[in-house]
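Asks: After the structure tokens below, expect a handful of questions from me.
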Amino acid sequence: MSNQTGSPTILVIDNSEVVLSATRDVLETAGFRVLTHSRPSGCVALILQERPDLVLLEVNIGGDTIAKLFGKAQPNGTTVVLLYSGLAVSALEAKVASSGAHGFIRKTPDGVDFLRQVHAWLKRSGFSSANMRAAPRIEPENEQTPRQSGTRRISSNDAPSASVLEAASPLRAGPSSDTRGSTASLAFDLPVVLFIDDDMTALSELRREVQSESYTAAFALSGAQAVRQILSACPPDLVVCDVLMPAPNGPEVYRQVVAADARWRARFVFITEPTYDPSVSAFLSSFDGAVLEKPVRGDQLRKRIRRSLAEFDSRMRTASGG
């Protein structure tokens, strides 16, 4: 059921702790109330008890069977039941047809696409934008309407266009990990570090690495979303950015924000893996800030961030004459 803030509740059932953690982080980032369950036993009872607005069921632990049992237990329920798997589309369509599930969402490392599909399914089931308080909007380049197949009880003609879907707002980590929303909502005076990566699993790992640090972590799942956050009225203090993302990639994010405010030249740390893109290689060779190679060790990342924040603080004190 929707929680008292009006945000929908989503139940994720999967036997992989990595998948549960990454999926939960992305959904919580978007402002949803999230429940997780890692075993096939007790699933139907849990759904009936919690009455979530949407359920994601991993097929490998019998998600199609769980969907079928839930449909028999509550044939007229309002919960949207989706299979959640990396199986081929044709296989998932067959399982949707045999199980009575509403449809499916294929697993993807692209957090923006995943959130777009979740929003689409909720809107198709009757949720308005006011009920889904995730901000700001998703408007990545070459945006397309979410592709959905195997719909049974909800008409695919009701699917909204992607232009009305909203993006994840920053997820805070650290001393007050339960505080979510815009940077302006922070009730404590800590520096803010914005992590940018289009891979939701990578962001989940970064969140775990910095959870105990004395700064607030915010996350962006696309370059377009990151630019909006950086150039907002409440910008972060430091940006840790993946280089290789769909357009705008890391270098383009850097160029856009530096063009708007040259002070951002000294407030970026890049994370990259080997690339054969000559334009990216040329950018990195000319960039005079910190560049960390993937896979980044946790201690190395934390040390670099602490150093960059200290340098930023020193520059601010000098500028203010302190």
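Chains: A, B, ... in order of the structure tokens. Residues: from 1 per chain. Ligands: from 1, in order shown.
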Got a sec to tell me which of segment 14-140 of chain A DSSP assigns to alpha helix (DSSP H), as a VMD selection string?
Replies: chain A and resid 17 to 29 43 to 50 63 to 73 89 to 99 111 to 124
Asks: Check the smallest atom-to-atom distance from each of A:Ala220, A:Ala67, A:Val59, A:Val192 to Ser308 of chain A using only C-alpha atoms, then report the winner.
Replies: A:Val192
Asks: Return the single residue from A:Ser212, A:Ser204, A:Ser85, A:Thr78 that is closest to Gly62 of chain A, with distances computed using only C-alpha atoms.
Replies: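 Smallest separation from Gly62 of chain A among the options: A:Ser85.
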Asks: Check the smallest atom-to-atom distance from each of A:Arg265, A:Lys294, A:Arg306, A:Arg207 to Pro191 of chain A using only C-alpha atoms, then report the winner.
Replies: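 Comparing A:Arg265, A:Lys294, A:Arg306, A:Arg207 against Pro191 of chain A, the winner is A:Arg306.
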Asks: Just the residues within 8 Å of Leu190 of chain A, please, counting only C-alpha atoms, with nothing from its chain fewer than 3 positions along; format it as a list in words.
Replies: Ser214, Tyr215 and Thr216 of chain A
Asks: Show me, as a ChimeraX atom specification, the residues that have an atom within 6 Å of Phe32 of chain A when counting only C-alpha atoms, minus same-chain residues fewer than 5 positions from it.
Replies: /A:7-8,27
Asks: Please save C-alpha atoms of the selected residues as a tab-separated table (two decimals), in the first residue's frame.
Replies:
```
chain	number	residue	atom	x	y	z
A	7	SER	CA	4.70	7.21	-2.45
A	8	PRO	CA	3.85	3.75	-3.83
A	27	LEU	CA	13.88	2.52	-6.11
```
Asks: Please, which residues of segment 224-295 of chain A, numbered as in this document, come out strand (DSSP E) from DSSP, as a count of residues only?
Replies: 14
Asks: If we count only C-alpha atoms, what is near Leu69 of chain A at a cut-off of 10 Å, once residues fewer than 6 positions away on the same chain are taken out, given as a ChimeraX atom specification?
Replies: /A:43-44,63,75,99-100
